[in-house]
Amino acid sequence: MTKIALPLLAALSLGACTSPGPDEVTVLTTVTETAAAAPQSEPEECANPDARIEDTALFTSSQTVPFHGTDLIGVPTDFSGFLFLFSPDNMRNNFDPCLPLSWAVLHGSNGDAERGPAGTGSSIADVVVFFHYDELITDPAPSEIRSIEDVTRLGDTTVQVIHGHAGRSTAEGVTEIYVVDHVWRDGRLVTEGPDAARYETVAAETVNLTP
């Protein structure tokens with residue numbers, strides 16, 4: 001009986017391997033259908049790929065100020081009666097309407113529409129302005145600082161800026177350096193990094209652009 005039982009068990013085992021039962025077929029079919037129904041993620045489209053920085057509120061909300069044969073752009077500020085005046089020819093333009101975060105660095109001076117730049121050392125400043133696709137980011141407002149030393153893209157939503165602050169007399173120039181990551185997250189621009197808090201304190205006390 002032992003010799004008969006072993007071939008019978010072997011045959012049953014072979015049959016189980018080569019002829020899957022109905023339950024096994026159903027499981028395989030279910031898995032296939034679930035995989036086919038998985039949603040496909042699509043990248044966010046660039047809504048206005050031909051947009052230029054001149055089409056943004058940085059320019060459209062500002063005024064042209066003639067000065068010594070050239071046209072400066074006068075951006076409104078929260079300092080009563082003053083504009084931030086800069087030349088488009090002296091702008092570091094990294095605007096990209098197809099990225100969630102891009103930027104431009106403005107080199108300029110505070111002044112007014114009648115007399116132009118104030119012409120004093122303390123009135124000279126840099127401003128880094130940020131854009132979300134083709135829109136100028138105004139909250140938080142772009143802040144003046146003595147110098148934008150460098151800007152580096154770390155990713156589509158992260159830009160690292162080295163801010164140079166004149167923390168003492170104007171004649172001393174830059175005395176403090178803040179390395180700050182500016183990040184577009186959850187629908188807003190935030191700052192990160194070990195110097196972020198110190199930078200935020202300075203930004204809150206300086207002149208802001210209000211285009």
# chains A, B, ... in the order shown; residues from 1 in each chain; ligands from 1
$ residues_around --residues "Asp50 of chain A" --least-positions-apart "5" --cutoff "12 Å" --atoms "only C-alpha atoms" --output "compact mmCIF listing (two decimals) with C-alpha atoms, in the first residue's frame"
# COMPACT_ATOMS: atom_id res chain seq x y z
CA ASP A 55 4.79 91.12 -18.19
CA THR A 56 4.73 90.62 -14.41
CA PHE A 95 12.66 84.51 -14.31
CA ASP A 96 11.13 81.27 -15.63
CA PRO A 97 7.34 81.13 -16.11
CA CYS A 98 7.44 77.33 -16.23
CA TYR A 133 5.34 80.48 -12.44
CA ASP A 134 4.46 83.82 -14.13
$ atom_distance --atom1 "atom CA of Pro88 of chain A" --atom2 "atom CA of Val202 of chain A"
25.9 Å
$ atom_distance --atom1 "atom CA of Thr64 of chain A" --atom2 "atom CA of Val128 of chain A"
19.7 Å
